[in-house]
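**Q** The structure file data_21.cif (mmCIF, C-alpha atoms and all ligand atoms) is provided below.
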```
data_target
loop_
_atom_site.label_atom_id
_atom_site.label_comp_id
_atom_site.auth_asym_id
_atom_site.auth_seq_id
_atom_site.Cartn_x
_atom_site.Cartn_y
_atom_site.Cartn_z
CA MET A 4 95.72 84.99 93.73
CA SER A 5 93.28 85.62 96.64
CA LYS A 6 92.85 82.73 99.04
CA ILE A 7 89.47 81.75 100.43
CA LEU A 8 88.83 79.52 103.45
CA ILE A 9 85.74 77.30 103.68
CA ILE A 10 84.83 76.11 107.19
CA ASP A 11 82.11 73.48 106.97
CA ASP A 12 81.68 70.01 108.44
CA GLU A 13 79.74 68.83 105.40
CA ARG A 14 82.12 67.56 102.79
CA ALA A 15 79.55 67.91 99.96
CA ILE A 16 79.13 71.64 100.68
CA ARG A 17 82.89 72.17 100.84
CA ARG A 18 83.29 70.39 97.51
CA ALA A 19 80.49 72.34 95.80
CA LEU A 20 81.82 75.69 97.03
CA ARG A 21 85.37 74.77 96.11
CA GLU A 22 84.31 73.97 92.55
CA ILE A 23 82.57 77.33 92.14
CA LEU A 24 85.45 79.26 93.67
CA GLU A 25 88.18 77.47 91.77
CA PHE A 26 86.26 78.04 88.55
CA GLU A 27 86.39 81.72 89.43
CA LYS A 28 90.19 81.35 89.82
CA PHE A 29 90.35 81.58 93.61
CA ASP A 30 92.80 79.57 95.64
CA VAL A 31 90.75 77.55 98.15
CA ASP A 32 91.55 76.10 101.55
CA GLU A 33 89.20 73.98 103.69
CA ALA A 34 88.61 73.27 107.36
CA GLU A 35 86.26 70.51 108.46
CA ASP A 36 85.34 72.01 111.82
CA GLY A 37 85.29 75.35 113.63
CA LYS A 38 88.45 74.77 115.66
CA GLN A 39 90.55 73.89 112.63
CA GLY A 40 89.02 76.84 110.78
CA VAL A 41 90.02 79.32 113.47
CA GLU A 42 93.55 77.90 113.60
CA LYS A 43 93.92 78.31 109.84
CA ALA A 44 92.43 81.81 109.81
CA VAL A 45 94.81 82.93 112.54
CA SER A 46 97.93 81.51 110.95
CA GLU A 47 97.20 82.55 107.38
CA GLU A 48 95.65 85.58 105.75
CA TYR A 49 92.47 84.83 103.77
CA ALA A 50 90.70 87.29 101.48
CA ILE A 51 87.34 85.81 102.49
CA ILE A 52 86.14 83.13 104.93
CA PHE A 53 82.98 81.06 104.37
CA CYS A 54 81.71 79.56 107.61
CA ASP A 55 78.83 77.17 108.22
CA ILE A 56 76.55 78.10 111.12
CA LYS A 57 75.60 74.65 112.31
CA MET A 58 78.62 72.53 113.16
CA PRO A 59 79.26 70.09 116.02
CA ASN A 60 81.62 71.19 118.85
CA MET A 61 82.33 74.75 117.76
CA ASP A 62 79.49 76.33 115.77
CA GLY A 63 79.64 79.28 113.36
CA MET A 64 78.77 81.87 116.01
CA GLU A 65 81.59 80.65 118.23
CA VAL A 66 83.96 80.73 115.25
CA LEU A 67 82.91 84.32 114.63
CA ASP A 68 83.67 85.24 118.26
CA ALA A 69 87.05 83.48 118.15
CA LEU A 70 88.03 85.27 114.93
CA LYS A 71 87.06 88.60 116.44
CA ASP A 72 89.14 87.86 119.59
CA ALA A 73 92.12 86.95 117.40
CA ALA A 74 91.68 90.22 115.44
CA VAL A 75 91.23 88.36 112.14
CA GLU A 76 90.03 91.01 109.73
CA SER A 77 88.96 88.84 106.76
CA PRO A 78 85.27 89.25 105.88
CA VAL A 79 83.26 86.23 107.05
CA ILE A 80 80.31 84.94 105.00
CA MET A 81 78.03 82.62 106.98
CA ILE A 82 76.52 79.57 105.32
CA SER A 83 73.03 79.08 106.59
CA GLY A 84 70.65 76.13 106.36
CA HIS A 85 66.83 76.29 106.55
CA GLY A 86 66.66 76.45 110.31
CA THR A 87 69.43 78.92 110.80
CA ILE A 88 68.37 82.10 109.00
CA ASP A 89 67.64 83.86 112.30
CA THR A 90 71.09 82.93 113.53
CA ALA A 91 72.58 84.21 110.28
CA VAL A 92 70.93 87.58 110.91
CA GLN A 93 72.37 87.55 114.45
CA ALA A 94 75.79 86.77 112.93
CA ILE A 95 75.58 89.85 110.71
CA LYS A 96 74.82 91.92 113.81
CA LYS A 97 77.93 90.41 115.38
CA GLY A 98 80.11 91.47 112.50
CA ALA A 99 79.79 88.76 109.83
CA PHE A 100 79.96 90.32 106.39
CA ASP A 101 76.99 88.48 104.80
CA PHE A 102 75.30 85.09 104.59
CA ILE A 103 74.39 82.67 101.83
CA GLU A 104 71.74 79.99 102.04
CA LYS A 105 71.79 76.30 101.26
CA PRO A 106 71.24 75.01 98.64
CA LEU A 107 74.04 77.15 97.21
CA ASP A 108 73.14 79.63 94.50
CA LEU A 109 75.97 80.45 92.11
CA ASN A 110 74.96 84.05 91.38
CA ARG A 111 74.34 84.87 95.02
CA ILE A 112 77.79 83.50 95.91
CA LEU A 113 79.51 85.52 93.21
CA VAL A 114 77.80 88.77 94.21
CA THR A 115 78.71 88.23 97.86
CA ILE A 116 82.31 87.48 96.95
CA ARG A 117 82.55 90.61 94.85
CA ASN A 118 81.21 92.75 97.69
CA ALA A 119 83.50 91.07 100.20
CA SER A 120 86.50 91.55 97.92
CA ASP A 121 85.76 95.27 97.78
CA ARG A 122 85.64 95.31 101.57
CA ALA A 123 88.90 93.33 101.75
CA ALA A 124 90.55 95.89 99.46
CA LEU A 125 89.41 98.66 101.82
CA VAL A 126 90.79 96.76 104.83
CA GLU A 127 94.11 96.38 103.01
CA GLU A 128 94.16 100.07 102.16
CA ARG A 129 93.48 100.93 105.79
CA LYS A 130 96.41 98.72 106.87
CA VAL A 131 98.76 100.48 104.46
CA LEU A 132 97.57 103.87 105.71
CA LYS A 133 98.04 102.75 109.30
CA LYS A 134 101.63 101.72 108.53
CA THR A 135 102.31 105.04 106.80
CA VAL A 136 100.98 106.94 109.79
CA GLN A 137 103.10 104.81 112.12
CA ARG A 138 106.17 105.44 109.98
CA PHE A 139 105.43 109.15 109.96
CA LYS A 140 104.95 109.17 113.71
CA GLY A 141 108.24 107.31 113.96
CA THR A 142 110.05 110.34 112.69
CA SER A 143 110.00 112.10 116.07
CA ILE A 144 113.45 112.58 117.56
CA ILE A 145 114.23 109.70 119.89
CA GLY A 146 116.88 110.00 122.58
CA GLU A 147 117.25 110.91 126.23
CA THR A 148 120.90 111.84 126.57
CA PRO A 149 121.59 115.46 127.65
CA GLU A 150 122.87 116.22 124.12
CA ILE A 151 119.59 115.18 122.50
CA LEU A 152 117.41 116.79 125.16
CA GLN A 153 119.28 120.03 124.53
CA ILE A 154 118.69 119.74 120.78
CA LYS A 155 114.97 119.11 121.34
CA SER A 156 114.64 122.13 123.61
CA MET A 157 116.55 124.26 121.13
CA ILE A 158 114.23 123.14 118.31
CA GLU A 159 111.18 124.05 120.39
CA LYS A 160 112.57 127.51 121.08
CA VAL A 161 113.80 128.26 117.58
CA ALA A 162 111.10 126.63 115.45
CA PRO A 163 108.38 129.30 115.87
CA SER A 164 110.81 132.09 114.88
CA ASP A 165 111.88 132.58 111.29
CA ALA A 166 115.57 132.39 112.23
CA ARG A 167 117.78 130.49 109.80
CA VAL A 168 119.37 127.37 111.22
CA LEU A 169 122.52 125.53 110.23
CA VAL A 170 122.53 121.89 111.31
CA THR A 171 125.90 120.16 111.43
CA GLY A 172 126.90 116.57 112.13
CA GLU A 173 128.19 113.39 110.51
CA ASN A 174 126.19 111.46 107.91
CA GLY A 175 123.15 109.68 109.28
CA THR A 176 123.06 111.49 112.64
CA GLY A 177 119.57 112.91 112.07
CA LYS A 178 120.20 116.37 110.59
CA GLU A 179 117.25 116.10 108.22
CA LEU A 180 115.06 114.98 111.10
CA VAL A 181 116.06 118.14 112.98
CA ALA A 182 115.19 120.26 109.94
CA ARG A 183 111.79 118.57 109.59
CA SER A 184 111.07 119.04 113.29
CA LEU A 185 111.90 122.75 112.97
CA HIS A 186 109.36 122.95 110.16
CA ASP A 187 106.72 120.83 111.91
CA LEU A 188 106.86 122.98 115.04
CA SER A 189 106.81 126.26 113.14
CA ASN A 190 103.91 128.41 111.97
CA ARG A 191 104.87 127.29 108.49
CA LYS A 192 103.94 123.66 109.17
CA ASP A 193 100.93 123.70 106.84
CA GLN A 194 103.03 124.94 103.93
CA ALA A 195 105.64 123.01 101.98
CA PHE A 196 108.88 121.53 103.34
CA ILE A 197 111.13 121.28 100.30
CA GLU A 198 114.47 119.50 100.39
CA VAL A 199 117.37 120.06 98.01
CA ASN A 200 120.44 117.85 98.21
CA CYS A 201 123.08 120.28 96.96
CA ALA A 202 125.65 117.48 96.58
CA ALA A 203 123.43 115.38 94.35
CA ILE A 204 122.69 118.03 91.73
CA PRO A 205 125.34 118.81 89.07
CA ALA A 206 126.83 122.32 89.43
CA GLU A 207 125.38 123.45 86.09
CA LEU A 208 121.84 122.53 87.16
CA ILE A 209 121.79 123.69 90.77
CA GLU A 210 120.90 127.31 89.98
CA SER A 211 117.95 126.34 87.83
CA GLU A 212 116.89 123.85 90.52
CA LEU A 213 116.98 126.48 93.25
CA PHE A 214 115.75 129.55 91.38
CA GLY A 215 113.86 128.08 88.41
CA HIS A 216 114.29 129.25 84.84
CA GLU A 217 112.49 131.15 82.12
CA LYS A 218 111.56 129.50 78.86
CA GLY A 219 114.56 129.48 76.52
CA ALA A 220 117.10 130.29 79.28
CA PHE A 221 119.18 127.37 77.99
CA THR A 222 118.77 124.70 75.35
CA SER A 223 116.68 122.27 77.41
CA ALA A 224 114.56 125.02 79.04
CA ILE A 225 111.53 124.38 76.86
CA LYS A 226 109.14 125.95 79.32
CA GLN A 227 109.24 128.19 82.37
CA LYS A 228 109.93 126.36 85.64
CA LYS A 229 109.67 127.46 89.25
CA GLY A 230 112.65 126.74 91.49
CA LYS A 231 112.70 125.30 94.99
CA PHE A 232 112.86 128.73 96.64
CA GLU A 233 109.52 129.57 95.04
CA LEU A 234 108.03 126.13 95.62
CA ALA A 235 108.80 126.48 99.33
CA GLU A 236 107.00 129.85 99.47
CA GLY A 237 105.52 130.31 102.94
CA GLY A 238 107.24 127.11 104.07
CA THR A 239 110.76 125.81 104.65
CA LEU A 240 113.57 125.14 102.19
CA PHE A 241 116.04 122.55 103.48
CA LEU A 242 119.42 122.92 101.79
CA ASP A 243 121.14 119.63 102.58
CA GLU A 244 124.91 119.23 102.04
CA ILE A 245 125.26 122.98 101.59
CA GLY A 246 129.05 122.61 101.88
CA ASP A 247 129.04 121.08 98.40
CA MET A 248 127.40 124.02 96.66
CA SER A 249 129.24 125.65 93.74
CA ALA A 250 130.71 129.15 94.20
CA SER A 251 128.33 130.73 91.72
CA ALA A 252 125.27 129.16 93.39
CA GLN A 253 126.60 130.32 96.77
CA ALA A 254 126.66 133.90 95.48
CA LYS A 255 123.05 133.67 94.31
CA VAL A 256 121.83 132.03 97.52
CA LEU A 257 123.57 134.81 99.45
CA ARG A 258 121.64 137.43 97.51
CA ALA A 259 118.38 135.56 98.05
CA LEU A 260 119.02 135.46 101.79
CA GLN A 261 120.12 139.10 102.02
CA GLU A 262 117.29 140.60 100.00
CA ASN A 263 114.58 137.97 100.09
CA VAL A 264 114.31 138.14 96.32
CA ILE A 265 115.37 135.75 93.59
CA GLN A 266 115.64 135.83 89.83
CA ARG A 267 114.89 132.83 87.68
CA VAL A 268 117.76 131.74 85.42
CA GLY A 269 117.37 133.69 82.18
CA GLY A 270 114.93 136.11 83.83
CA GLU A 271 115.30 139.72 84.83
CA LYS A 272 112.35 140.15 87.12
CA ASP A 273 112.96 140.14 90.90
CA ILE A 274 110.60 137.73 92.61
CA LYS A 275 109.93 138.32 96.32
CA ILE A 276 110.16 135.22 98.45
CA ASN A 277 109.05 134.33 101.95
CA THR A 278 110.92 131.07 102.50
CA ARG A 279 112.67 129.99 105.65
CA VAL A 280 116.02 128.37 104.96
CA VAL A 281 117.41 125.57 107.10
CA ALA A 282 120.76 124.22 105.89
CA ALA A 283 122.80 121.18 106.85
CA THR A 284 126.30 119.92 106.27
CA ASN A 285 128.62 117.15 107.37
CA LYS A 286 131.60 119.30 106.46
CA ASP A 287 133.55 121.59 108.74
CA LEU A 288 132.44 124.86 107.14
CA ARG A 289 135.04 126.87 109.10
CA LYS A 290 137.74 124.83 107.41
CA GLU A 291 135.99 125.18 104.03
CA ILE A 292 136.02 128.96 104.53
CA GLU A 293 139.72 128.98 105.46
CA GLU A 294 140.50 126.97 102.35
CA GLY A 295 138.45 129.27 100.15
CA ARG A 296 135.72 126.83 99.23
CA PHE A 297 132.86 128.40 101.15
CA ARG A 298 131.82 132.05 101.45
CA GLU A 299 132.12 133.41 104.95
CA ASP A 300 129.31 135.94 104.38
CA LEU A 301 126.97 133.12 103.36
CA TYR A 302 128.00 131.12 106.42
CA HIS A 303 126.97 134.00 108.70
CA ARG A 304 123.63 134.36 106.89
CA LEU A 305 122.89 130.66 107.28
CA ALA A 306 124.18 130.03 110.77
CA VAL A 307 122.04 132.45 112.75
CA ILE A 308 121.33 129.46 114.97
CA LEU A 309 123.74 126.52 115.01
CA ILE A 310 122.60 123.05 115.97
CA HIS A 311 125.24 120.35 116.13
CA VAL A 312 123.98 116.76 116.17
CA PRO A 313 126.50 114.48 117.90
CA SER A 314 127.51 111.16 116.39
CA LEU A 315 125.90 108.01 117.78
CA ASN A 316 129.24 106.91 119.23
CA GLU A 317 129.20 110.08 121.33
CA ARG A 318 125.84 109.19 122.87
CA ARG A 319 125.80 105.44 123.24
CA GLU A 320 123.33 105.69 126.14
CA ASP A 321 120.63 106.40 123.53
CA ILE A 322 121.28 103.13 121.67
CA PRO A 323 118.81 100.93 123.65
CA VAL A 324 115.90 103.35 123.28
CA LEU A 325 116.69 103.92 119.59
CA ALA A 326 117.05 100.17 119.02
CA GLU A 327 113.65 99.46 120.64
CA HIS A 328 112.10 102.26 118.58
CA PHE A 329 113.46 100.88 115.30
CA LEU A 330 112.52 97.32 116.31
CA THR A 331 108.85 98.36 116.68
CA MET A 332 109.00 100.39 113.49
CA VAL A 333 110.61 97.67 111.36
CA CYS A 334 108.30 94.90 112.68
CA ASN A 335 105.28 97.09 111.85
CA GLU A 336 106.63 97.83 108.40
CA HIS A 337 107.13 94.13 107.72
CA GLY A 338 103.72 93.31 109.22
CA ILE A 339 105.16 90.82 111.76
CA SER A 340 104.57 90.58 115.50
CA ARG A 341 107.08 92.47 117.59
CA LYS A 342 110.35 90.67 118.31
CA ASN A 343 112.50 91.53 121.33
CA PHE A 344 116.13 92.02 122.33
CA SER A 345 117.87 90.01 125.01
CA PRO A 346 119.85 92.23 127.43
CA ASP A 347 123.16 91.06 125.92
CA ALA A 348 121.91 92.06 122.43
CA LEU A 349 121.39 95.62 123.65
CA ASP A 350 124.87 95.53 125.23
CA ALA A 351 126.38 94.33 121.95
CA LEU A 352 124.60 97.14 120.08
CA LYS A 353 125.99 99.62 122.59
CA GLN A 354 129.50 98.32 121.98
CA THR A 355 129.33 98.53 118.19
CA ASP A 356 131.24 101.29 116.43
CA TRP A 357 128.55 103.17 114.49
CA THR A 358 130.40 104.90 111.69
CA GLY A 359 127.13 105.28 109.74
CA ASN A 360 125.36 106.58 112.84
CA ILE A 361 121.59 106.19 113.28
CA ARG A 362 120.99 105.25 109.65
CA GLU A 363 123.36 102.31 110.08
CA LEU A 364 121.72 101.30 113.38
CA ARG A 365 118.31 101.26 111.70
CA ASN A 366 119.63 99.14 108.82
CA ILE A 367 121.23 96.60 111.14
CA ILE A 368 118.02 96.29 113.14
CA GLU A 369 116.09 95.65 109.95
CA ARG A 370 118.64 92.95 109.09
CA LEU A 371 118.30 91.40 112.57
CA VAL A 372 114.49 91.43 112.40
CA ILE A 373 114.55 89.62 109.06
CA LEU A 374 117.25 87.09 109.89
CA CYS A 375 116.81 86.29 113.58
CA GLY A 376 114.27 84.46 115.75
CA GLU A 377 111.73 85.89 118.19
CA THR A 378 114.45 87.04 120.61
CA ILE A 379 117.45 88.79 119.12
CA LYS A 380 120.58 87.78 121.03
CA GLY A 381 124.05 89.24 121.53
CA GLU A 382 125.59 86.63 119.24
CA ASP A 383 123.12 87.64 116.48
CA VAL A 384 124.23 91.25 116.79
CA ARG A 385 127.88 90.23 116.58
CA LEU A 386 127.16 88.00 113.60
CA PHE A 387 124.94 90.31 111.59
CA SER A 388 126.38 93.73 112.36
CA ASN A 389 129.62 94.42 110.57
CA PRO A 390 131.94 92.15 112.65
CA LYS A 391 134.93 94.44 112.24
CA THR A 392 133.11 97.27 113.93
CA VAL A 393 132.16 95.50 117.18
CA LYS A 394 134.40 96.68 119.98
CA ASN A 395 135.61 94.05 122.41
N1 LIG B 401 117.08 110.80 117.07
C1 LIG B 401 116.48 110.05 116.14
N2 LIG B 401 115.36 109.38 116.47
C2 LIG B 401 114.76 108.58 115.57
N3 LIG B 401 115.19 108.40 114.31
C3 LIG B 401 116.28 109.05 113.93
C4 LIG B 401 116.97 109.91 114.82
N4 LIG B 401 118.02 110.45 114.17
C5 LIG B 401 117.99 109.93 112.92
N5 LIG B 401 116.95 109.10 112.76
C6 LIG B 401 116.63 108.33 111.55
O1 LIG B 401 117.87 107.93 110.99
C7 LIG B 401 117.86 108.09 109.56
C8 LIG B 401 118.94 109.06 109.13
O2 LIG B 401 118.60 110.36 109.59
P1 LIG B 401 118.74 111.68 108.69
O3 LIG B 401 118.44 111.39 107.25
O4 LIG B 401 117.97 112.77 109.34
O5 LIG B 401 120.31 111.92 108.85
P2 LIG B 401 121.22 113.02 108.16
O6 LIG B 401 122.16 113.47 109.22
O7 LIG B 401 120.37 114.06 107.51
O8 LIG B 401 121.98 112.14 107.09
P3 LIG B 401 122.83 112.66 105.80
O9 LIG B 401 123.92 113.54 106.31
O10 LIG B 401 123.37 111.39 105.23
O11 LIG B 401 121.85 113.38 104.91
C9 LIG B 401 116.46 108.55 109.20
O12 LIG B 401 115.68 107.39 108.91
C10 LIG B 401 115.96 109.20 110.48
O13 LIG B 401 114.54 109.17 110.56
#
```
With the file now loaded, output its structure as structure tokens.
**A**
Amino acid sequence: MSKILIIDDERAIRRALREILEFEKFDVDEAEDGKQGVEKAVSEEYAIIFCDIKMPNMDGMEVLDALKDAAVESPVIMISGHGTIDTAVQAIKKGAFDFIEKPLDLNRILVTIRNASDRAALVEERKVLKKTVQRFKGTSIIGETPEILQIKSMIEKVAPSDARVLVTGENGTGKELVARSLHDLSNRKDQAFIEVNCAAIPAELIESELFGHEKGAFTSAIKQKKGKFELAEGGTLFLDEIGDMSASAQAKVLRALQENVIQRVGGEKDIKINTRVVAATNKDLRKEIEEGRFREDLYHRLAVILIHVPSLNERREDIPVLAEHFLTMVCNEHGISRKNFSPDALDALKQTDWTGNIRELRNIIERLVILCGETIKGEDVRLFSNPKTVKN
């Protein structure tokens, strides 16, 4: 239920407004002077604020200024008496949403509330968009160790070419982030980036997933479907966990890469494709080849450029900058003011054994943000990260 704040020194006005608003199923809060009103508006989020213009000590205009300084975004509706209409007009110029006049008119109040609610919904939408943009921005590759700087420079060099790239590294090291950066910095950036997790799709479905199928190709193929190679036309196809692909799918992917054509399952027509392939694996593909599980010819087609992402334990110097980055990101996502790390918290994070790499670091920071106070301390890290993994 939306909450509305009434700031007015006159109890009778507060009571009358409250009755109207509660009848309309709003949750109502009151403040009997400007100072108390500002305090409430800063500490709690209100859908709408009603504020009297003429009040002793802090008047409505001063309240408006204070709310603006505190970046309170709730629409403010001024309550104006006979002598204050001019001031009410000034208030609108200053950013108040609207004003109502005493004596209170039910219809006028309801119309104003409806308009303000629409505005509040827009403000909310803008906040969500802002967070999404921040999250998206947060996907740039963070790190300053020589290993990461080398990866970034490699991405910049390789991205604009159409060369295929094989990204290797343990789970959670940032392989997908590398693949996305390659796409974002390429001439294909305005076309699709399509991801296929080869390990997550059952062997019997992977071919249809990658190449599509014709109607009737198999029992459940009730209509024709395009595969990911076609959907990524002009863009980038990211084949994640390629080391888990079945032998028969490997043979078909090889043909697609050699000839730049595919055939849908159950189809006979060759379809030309212009799709850049970036693949990733946490497996040692050389070993997979030796043991007969991965085709060497496919390996050479995929690994024109090799980018290896080191584990987080191999680049502990990046932990503070990554931790600060995730702290900002997580606080924004949760809509709370930014917390901070004490120096010993950063030391404790640096000493932790990160078997799950950056994904695990991000998760632990989210846990710390939710569970700890304003300043996250070393003892918090030891308590809330997996205790067995902290090195002494
Ligand atoms: N250098 C980095 N800077 C900022 N964020 C990163 C970095 N590396 C990884 N991340 C973040 O860590 C998480 C895991 O990264 P990503 O999914 O790219 O790893 P992955 O190696 O592809 O994992 P998996 O092998 O399990 O698929 C993501 O949220 C990603 O945005």
**Q** Within 7 Å of ligand LIG 401 (chain B) (counting only C-alpha atoms and all ligand atoms), which residues show up? I'd like them as a list of chain:residue names.
**A** A:Gly141, A:Thr142, A:Ser143, A:Ile144, A:Ile145, A:Gly146, A:Gly172, A:Glu173, A:Asn174, A:Gly175, A:Thr176, A:Gly177, A:Lys178, A:Glu179, A:Leu180, A:Val181, A:Asp243, A:Thr284, A:Asn285, A:Leu325, A:Ile361, A:Arg362, A:Arg365
**Q** Could you list, as a ChimeraX atom specification, every residue within 12 Å of range 71-74 of chain A, counting all atoms listed in the file and ignoring same-chain residues fewer than 2 positions away?
**A** /A:41-46,48,64-69,76-79,94,97-99
**Q** I want to know what sits within 12 Å of Phe53 in chain A, based on only C-alpha atoms, with residues of the same chain fewer than 5 positions away left out; could you give that as a PyMOL selection string?
**A** chain A and resi 6-12+16-17+20-21+24+31-37+40-41+44+63+66-67+77-83+99-104+112+115-116+119
**Q** Can you tell me how far CA of Asp300 in chain A sits from CA of Pro313 in chain A, in Å to one decimal?
**A**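 Going from CA of Asp300 in chain A over to CA of Pro313 in chain A, I get 25.5 Å.
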**Q** Which neighbours of Val281 in chain A fall inside 12 Å, counting only C-alpha atoms, when residues of the same chain fewer than 6 positions from it are skipped, and could you give them as a PyMOL selection string?
**A** chain A and resi 158+161-162+165-171+178-186+196-199+232+235+238-245+260+302+304-310
**Q** Might you pull out every residue within 10 Å of Glu207 in chain A, with all atoms listed in the file counted and same-chain residues fewer than 4 positions away left off, and present them as a PDB file with C-alpha atoms, in the coordinates of the input?
**A**
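Output saved as around_30.pdb:
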```pdb
ATOM      1  CA  SER A 211     117.950 126.340  87.830  1.00  0.00           C
ATOM      2  CA  GLU A 212     116.890 123.850  90.520  1.00  0.00           C
ATOM      3  CA  SER A 249     129.240 125.650  93.740  1.00  0.00           C
ATOM      4  CA  SER A 251     128.330 130.730  91.720  1.00  0.00           C
ATOM      5  CA  ALA A 252     125.270 129.160  93.390  1.00  0.00           C
TER       6      ALA A 252
END
```
**Q** Do you have the CA of Gly295 in chain A-CA of Leu208 in chain A distance handy?
**A**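 Computing it gives 22.1 Å between the two atoms.
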**Q** Distance CA of Glu217 in chain A-CA of Lys275 in chain A, one decimal place?
**A** 16.1 Å
**Q** With only C-alpha atoms as the atoms that count, which of A:His85, A:Val75, A:Ala19, A:Glu233 lies nearest to Lys57 in chain A?
**A** A:His85
**Q** From the set A:Asn190, A:Thr278, A:Asn360, A:Gln261, which residue has the shortest atom-to-atom contact distance to His303 in chain A, counting only C-alpha atoms?
**A**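 Ranked by minimum distance to His303 in chain A, first place goes to A:Gln261.
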**Q** Could you name the residues that touch Asn366 in chain A at 12 Å or less, counting only C-alpha atoms, but leaving out those on the same chain fewer than 5 positions away, as a PyMOL selection string?
**A** chain A and resi 175+326+329-330+332-333+357+359-361+371-373+387-389
**Q** Give the answer as one residue: which of A:Asp193, A:Glu210, A:Glu150, A:Asp273 has the shortest atom-to-atom distance to Glu236 in chain A, using only C-alpha atoms?
**A**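 Comparing A:Asp193, A:Glu210, A:Glu150, A:Asp273 against Glu236 in chain A, the winner is A:Asp193.
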**Q** Report the centre and edge lengths, in Å to one decimal, of an axis-aligned box enclosing every atom of range 274-282 of chain A listed in the file, padded by 8 Å on each side, as lines of an AutoDock Vina configuration file.
**A**
```
center_x = 114.9
center_y = 131.3
center_z = 99.9
size_x = 27.7
size_y = 30.1
size_z = 30.5
```
**Q** Pick the closest to Phe297 in chain A from A:Asp108, A:Asp247, A:Glu262, A:Glu317: which is it, counting only C-alpha atoms?
**A**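 Checking each of A:Asp108, A:Asp247, A:Glu262, A:Glu317 against Phe297 in chain A, counting only C-alpha atoms, the winner is A:Asp247.
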